[in-house]
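Enquirer: One structure, pasted below without further comment.
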Amino acid sequence: MTESVISCHNVSKIFGPNPAQHLANLKADPSLTQAGYVHAVREVNLEIRRGEMLVVMGLSGSGKSTLVRCLSRLIEITGGTVTVEGRDIATLSEPDLIDLRRRKMGMVFQSFGLLPHRSVLENVAFPLEMRGQDRATRYSRAREMLELVGLKGREDYFPRELSGGQQQRVGIARSLAVEPDIWFLDEPFSALDPLIRREMQDEFLRLKGMMNKTIVFITHDFDEALRLADRIAIMKDGRIEQCDTPDKIVLHPATDYVAKFTSEIDRARVVHIGSLVRPLTAPPSGEPVPAHRTIRDLARQLISDPRVEIPVINAQGAVIGSVLRQAALDVLLGDAQ
Ligand SMILES: Nc1ncnc2c1ncn2[C@@H]1O[C@H](COP(=O)(O)OP(=O)(O)OP(=O)(O)O)[C@@H](O)[C@H]1O
């Protein structure tokens with residue numbers, strides 16, 4: 001099992017004048033809600049693994065931003081513990097906390113937050129300037145990052161001369177310049193129009209493949225979550241309803257609420273053959289199918305294949321079990337339970 005980088009144990013956040021006092025009885029006493037208390041995050045338990053992309057998904061007001069801000073202690077939690085690489089971040093002094101954020105963490109927000117009077121190059125180099133790096137080193141690193149996000153040649157532009165998508169790329173390049181191990185992105189693409197958003201998602205998947213970073217990505221768009229995530233944590237009223245791989249979420253939604261999100265989804269595009277693997281009941285025969293392919297990818301073959309049971313291979317080519325053709329067809333035709 002991969003090492004956990006961030007752990008949340010029973011994390012709660014209550015906004016209000018005297019939150020700690022009400023941690024135990026907020027739920028039972030509705031008058032506290034009337035008095036202005038908001039239970040934004042409720043008893044969240046979560047392990048974020050090194051190198052994974054965890055997408056936090058939920059409707060507006062479900063607590064996504066609050067939870068993610070608790071992970072870097074931008075917000076003080078009311079109850080529970082958050083540990084980052086084994087250290088309880090509530091126990092860190094202010095300088096240690098700033099150091100942890102500067103050395104390990106990067107953040108990208110929905111509003112691009114670029115400095116309007118500085119060029120693109122200067123914007124990307126800015127966090128390195130804050131770190132006291134000399135001009136030549138920081139400009140060279142900033143150029144590298146701009147090339148990585150596809151903005152080579154735009155170094156001397158000003159933010160107002162770029163499109164929304166390009167500005168967000170500058171924001172991404174700026175946060176990558178400091179080489180964060182843990183990367184928090186709060187709805188980074190939501191201000192972009194659908195086509196550019198899709199392009200940015202592709203770009204993001206490319207970057208993710210190149211860098212082995214732990215990423216926590218917030219979105220309220222389920223399609224975006226399914227496209228990008230290794231695992232999705234679905235929040236409702238401050239709680240995590242389910243935290244699982246996209247395959248498991250669409251195949252086995254844990255609650256009615258999660259099921260509602262998945263009802264409109266084309267499952268065959270999400271579910272990989274590997275998710276339906278079961279032990280072989282007979283020696284494998286005929287051409288196997290790779291576990292990493294989606295049911296949609298293999299639709300033609302599945303429809304015409306006469307076999308009841310089709311062997312499945314892993315990335316190394318070893319047979320890991322089989323898939324019942326009928327089970328795959330059920331997903332394809334929307335009959336999966
Ligand atoms: N500083 C604050 N003071 C009081 N209440 C707050 C504060 N910040 C957030 N809240 C409340 O906490 C709840 C969760 O808010 P949060 O911003 O975490 O939700 P979200 O899922 O990120 O929403 P969105 O998708 O709209 O950004 C909401 O009811 C919100 O009004």
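Letters for chains follow the order of the structure tokens (A, B, ...), residue numbers begin at 1 for each chain, and ligand numbers begin at 1 in the order shown.
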If you run DSSP on this backbone, which residues of range 121-264 of chain A come out as strand (DSSP E or B), and could you give them as a PyMOL selection string?

Expert: chain A and resi 182-186+214-219+231-236+239-244

Enquirer: Keeping C-alpha atoms for every residue in the selection just given, could you write it to a file as a short mmCIF file (atom, residue, chain, number, x, y, z; two decimals), in the first residue's frame?

Expert:
```
data_model
loop_
_atom_site.label_atom_id
_atom_site.label_comp_id
_atom_site.auth_asym_id
_atom_site.auth_seq_id
_atom_site.Cartn_x
_atom_site.Cartn_y
_atom_site.Cartn_z
CA ILE A 182 1.69 18.51 -2.62
CA TRP A 183 -0.44 20.53 -4.96
CA PHE A 184 -3.83 21.99 -4.02
CA LEU A 185 -6.06 23.24 -6.82
CA ASP A 186 -9.36 24.87 -5.94
CA THR A 214 0.31 14.38 -4.73
CA ILE A 215 -2.61 16.45 -5.99
CA VAL A 216 -5.81 17.52 -4.27
CA PHE A 217 -8.16 19.02 -6.83
CA ILE A 218 -11.54 20.59 -6.04
CA THR A 219 -14.37 20.66 -8.52
CA ARG A 231 -9.95 8.72 -6.40
CA ILE A 232 -12.95 10.98 -5.87
CA ALA A 233 -14.18 12.14 -2.46
CA ILE A 234 -17.83 13.16 -2.80
CA MET A 235 -18.93 15.66 -0.15
CA LYS A 236 -22.38 16.55 1.07
CA ARG A 239 -19.27 14.95 5.17
CA ILE A 240 -17.54 12.64 2.73
CA GLU A 241 -20.28 10.40 1.37
CA GLN A 242 -17.86 8.15 -0.53
CA CYS A 243 -14.17 8.20 -1.39
CA ASP A 244 -13.29 5.72 -4.11
#
```

Enquirer: Give me, as a VMD selection string, the residues of range 49-253 of chain A that a backbone DSSP run labels alpha helix (DSSP H).

Expert: chain A and resid 64 to 71 94 to 104 120 to 130 135 to 148 164 to 177 194 to 210 222 to 228 246 to 251

Enquirer: Would you give me, as CSV, each residue of chain A having an atom within 7 Å of an atom of ligand 1, along with its shortest atom pair and that distance in Å to one decimal, using only C-alpha atoms and all ligand atoms and sorting by chain and residue number?

Expert:
```
residue,atom,partner,partner_atom_place_in_ligand_line,distance
A:Phe15,CA,ligand 1,4 (C),4.9
A:Gly16,CA,ligand 1,4 (C),6.6
A:Val38,CA,ligand 1,5 (N),5.7
A:His39,CA,ligand 1,12 (O),6.8
A:Ala40,CA,ligand 1,12 (O),4.2
A:Gly58,CA,ligand 1,21 (O),6.0
A:Leu59,CA,ligand 1,25 (O),5.8
A:Ser60,CA,ligand 1,25 (O),3.5
A:Gly61,CA,ligand 1,19 (O),3.5
A:Ser62,CA,ligand 1,21 (O),3.8
A:Gly63,CA,ligand 1,18 (O),3.3
A:Lys64,CA,ligand 1,21 (O),3.9
A:Ser65,CA,ligand 1,22 (O),3.7
A:Thr66,CA,ligand 1,18 (O),3.7
A:Leu67,CA,ligand 1,18 (O),6.4
A:His220,CA,ligand 1,25 (O),6.0
A:Gly238,CA,ligand 1,14 (C),6.9
```

Enquirer: Of the candidates A:Ala191, A:Ser322, A:Phe109, A:Ile303, which one gets nearest to Pro290 in chain A if we count only C-alpha atoms?

Expert: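 Ranking A:Ala191, A:Ser322, A:Phe109, A:Ile303 by distance to Pro290 in chain A, first place goes to A:Ser322.
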
Enquirer: Using only C-alpha atoms, which residues sit within 12 Å of Lys13 in chain A once same-chain residues fewer than 6 positions away are excluded, as an mmCIF file with N, CA and C atoms, in the first residue's frame?

Expert:
```
data_model
loop_
_atom_site.group_PDB
_atom_site.id
_atom_site.type_symbol
_atom_site.label_atom_id
_atom_site.label_comp_id
_atom_site.auth_asym_id
_atom_site.auth_seq_id
_atom_site.Cartn_x
_atom_site.Cartn_y
_atom_site.Cartn_z
ATOM 1 N N PRO A 19 -16.653 28.193 18.389
ATOM 2 C CA PRO A 19 -16.916 26.889 17.772
ATOM 3 C C PRO A 19 -16.587 25.680 18.646
ATOM 4 N N ALA A 20 -15.455 25.710 19.349
ATOM 5 C CA ALA A 20 -15.022 24.513 20.081
ATOM 6 C C ALA A 20 -16.084 24.086 21.089
ATOM 7 N N HIS A 22 -19.134 24.146 20.827
ATOM 8 C CA HIS A 22 -20.344 23.550 20.240
ATOM 9 C C HIS A 22 -20.071 22.322 19.394
ATOM 10 N N LEU A 23 -18.834 21.865 19.402
ATOM 11 C CA LEU A 23 -18.473 20.735 18.541
ATOM 12 C C LEU A 23 -19.377 19.527 18.797
ATOM 13 N N ALA A 24 -19.627 19.250 20.087
ATOM 14 C CA ALA A 24 -20.384 18.042 20.427
ATOM 15 C C ALA A 24 -21.867 18.172 20.128
ATOM 16 N N LEU A 26 -23.657 20.567 18.123
ATOM 17 C CA LEU A 26 -24.179 21.406 17.036
ATOM 18 C C LEU A 26 -25.318 20.697 16.289
ATOM 19 N N TYR A 37 -23.929 29.624 13.545
ATOM 20 C CA TYR A 37 -22.872 28.610 13.453
ATOM 21 C C TYR A 37 -23.052 27.788 12.176
ATOM 22 N N VAL A 38 -21.928 27.496 11.509
ATOM 23 C CA VAL A 38 -21.983 26.652 10.304
ATOM 24 C C VAL A 38 -21.033 25.484 10.499
ATOM 25 N N HIS A 39 -21.581 24.279 10.390
ATOM 26 C CA HIS A 39 -20.738 23.079 10.513
ATOM 27 C C HIS A 39 -20.257 22.728 9.103
ATOM 28 N N ALA A 40 -19.152 23.351 8.674
ATOM 29 C CA ALA A 40 -18.742 23.268 7.273
ATOM 30 C C ALA A 40 -18.089 21.933 6.933
ATOM 31 N N VAL A 41 -17.376 21.333 7.906
ATOM 32 C CA VAL A 41 -16.744 20.025 7.691
ATOM 33 C C VAL A 41 -17.069 19.158 8.900
ATOM 34 N N ARG A 42 -17.538 17.931 8.625
ATOM 35 C CA ARG A 42 -17.998 17.072 9.716
ATOM 36 C C ARG A 42 -17.262 15.746 9.737
ATOM 37 N N GLU A 43 -16.492 15.519 10.784
ATOM 38 C CA GLU A 43 -15.874 14.210 11.084
ATOM 39 C C GLU A 43 -15.317 13.526 9.836
ATOM 40 N N VAL A 44 -14.436 14.223 9.161
ATOM 41 C CA VAL A 44 -13.861 13.656 7.935
ATOM 42 C C VAL A 44 -12.638 12.802 8.254
ATOM 43 N N GLY A 63 -18.595 22.067 1.445
ATOM 44 C CA GLY A 63 -17.450 22.059 2.362
ATOM 45 C C GLY A 63 -16.111 21.745 1.713
ATOM 46 N N LYS A 64 -16.063 21.697 0.399
ATOM 47 C CA LYS A 64 -14.837 21.312 -0.304
ATOM 48 C C LYS A 64 -13.668 22.243 0.015
ATOM 49 N N SER A 65 -13.896 23.556 -0.208
ATOM 50 C CA SER A 65 -12.799 24.509 -0.006
ATOM 51 C C SER A 65 -12.374 24.538 1.457
ATOM 52 N N THR A 66 -13.361 24.465 2.350
ATOM 53 C CA THR A 66 -13.019 24.504 3.774
ATOM 54 C C THR A 66 -12.145 23.304 4.122
ATOM 55 N N LEU A 67 -12.544 22.121 3.670
ATOM 56 C CA LEU A 67 -11.754 20.924 3.977
ATOM 57 C C LEU A 67 -10.330 21.071 3.453
ATOM 58 N N VAL A 68 -10.206 21.508 2.199
ATOM 59 C CA VAL A 68 -8.866 21.559 1.605
ATOM 60 C C VAL A 68 -8.021 22.646 2.289
ATOM 61 N N ARG A 69 -8.660 23.720 2.719
ATOM 62 C CA ARG A 69 -7.905 24.747 3.447
ATOM 63 C C ARG A 69 -7.430 24.232 4.798
ATOM 64 N N CYS A 70 -8.197 23.311 5.373
ATOM 65 C CA CYS A 70 -7.770 22.718 6.655
ATOM 66 C C CYS A 70 -6.494 21.881 6.481
ATOM 67 N N LEU A 71 -6.294 21.348 5.267
ATOM 68 C CA LEU A 71 -5.153 20.441 5.048
ATOM 69 C C LEU A 71 -3.815 21.170 5.106
ATOM 70 N N ARG A 73 -3.684 24.084 6.902
ATOM 71 C CA ARG A 73 -3.959 24.951 8.060
ATOM 72 C C ARG A 73 -4.104 26.417 7.675
ATOM 73 N N ILE A 75 -6.934 27.306 7.431
ATOM 74 C CA ILE A 75 -8.044 27.450 8.378
ATOM 75 C C ILE A 75 -7.739 26.533 9.554
ATOM 76 N N GLU A 76 -7.979 27.017 10.773
ATOM 77 C CA GLU A 76 -7.788 26.180 11.971
ATOM 78 C C GLU A 76 -8.980 25.245 12.115
ATOM 79 N N ILE A 77 -8.707 23.967 12.365
ATOM 80 C CA ILE A 77 -9.832 23.042 12.519
ATOM 81 C C ILE A 77 -10.410 23.148 13.927
ATOM 82 N N THR A 78 -11.666 22.727 14.059
ATOM 83 C CA THR A 78 -12.332 22.785 15.367
ATOM 84 C C THR A 78 -12.133 21.473 16.114
ATOM 85 N N GLY A 79 -12.120 20.358 15.391
ATOM 86 C CA GLY A 79 -11.926 19.063 16.044
ATOM 87 C C GLY A 79 -11.167 18.122 15.133
ATOM 88 N N GLY A 80 -10.493 17.117 15.739
ATOM 89 C CA GLY A 80 -9.776 16.116 14.961
ATOM 90 C C GLY A 80 -8.323 16.500 14.731
ATOM 91 N N THR A 81 -7.656 15.739 13.862
ATOM 92 C CA THR A 81 -6.248 16.026 13.553
ATOM 93 C C THR A 81 -5.982 15.900 12.051
ATOM 94 N N VAL A 82 -5.045 16.759 11.610
ATOM 95 C CA VAL A 82 -4.537 16.649 10.233
ATOM 96 C C VAL A 82 -3.036 16.435 10.355
ATOM 97 N N ASP A 237 -22.955 18.274 2.673
ATOM 98 C CA ASP A 237 -23.144 18.864 4.008
ATOM 99 C C ASP A 237 -21.940 18.651 4.919
ATOM 100 N N GLY A 238 -20.754 18.823 4.384
ATOM 101 C CA GLY A 238 -19.541 18.741 5.198
ATOM 102 C C GLY A 238 -18.999 17.349 5.422
ATOM 103 N N ARG A 239 -19.740 16.327 4.998
ATOM 104 C CA ARG A 239 -19.265 14.948 5.173
ATOM 105 C C ARG A 239 -18.787 14.379 3.850
#
```

Enquirer: Out of A:Gly209, A:Gly51, A:Gly153, A:Pro159, which residue has the shortest atom-to-atom distance to Val120 in chain A when counting only C-alpha atoms?

Expert: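 Among A:Gly209, A:Gly51, A:Gly153, A:Pro159, it is A:Pro159 that comes nearest to Val120 in chain A.
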
Enquirer: Pick the closest to Val56 in chain A from A:Tyr157, A:Ala225, A:Glu94, A:Lys208: which is it, counting only C-alpha atoms?

Expert: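 For Val56 in chain A, the nearest of the given residues is A:Ala225.
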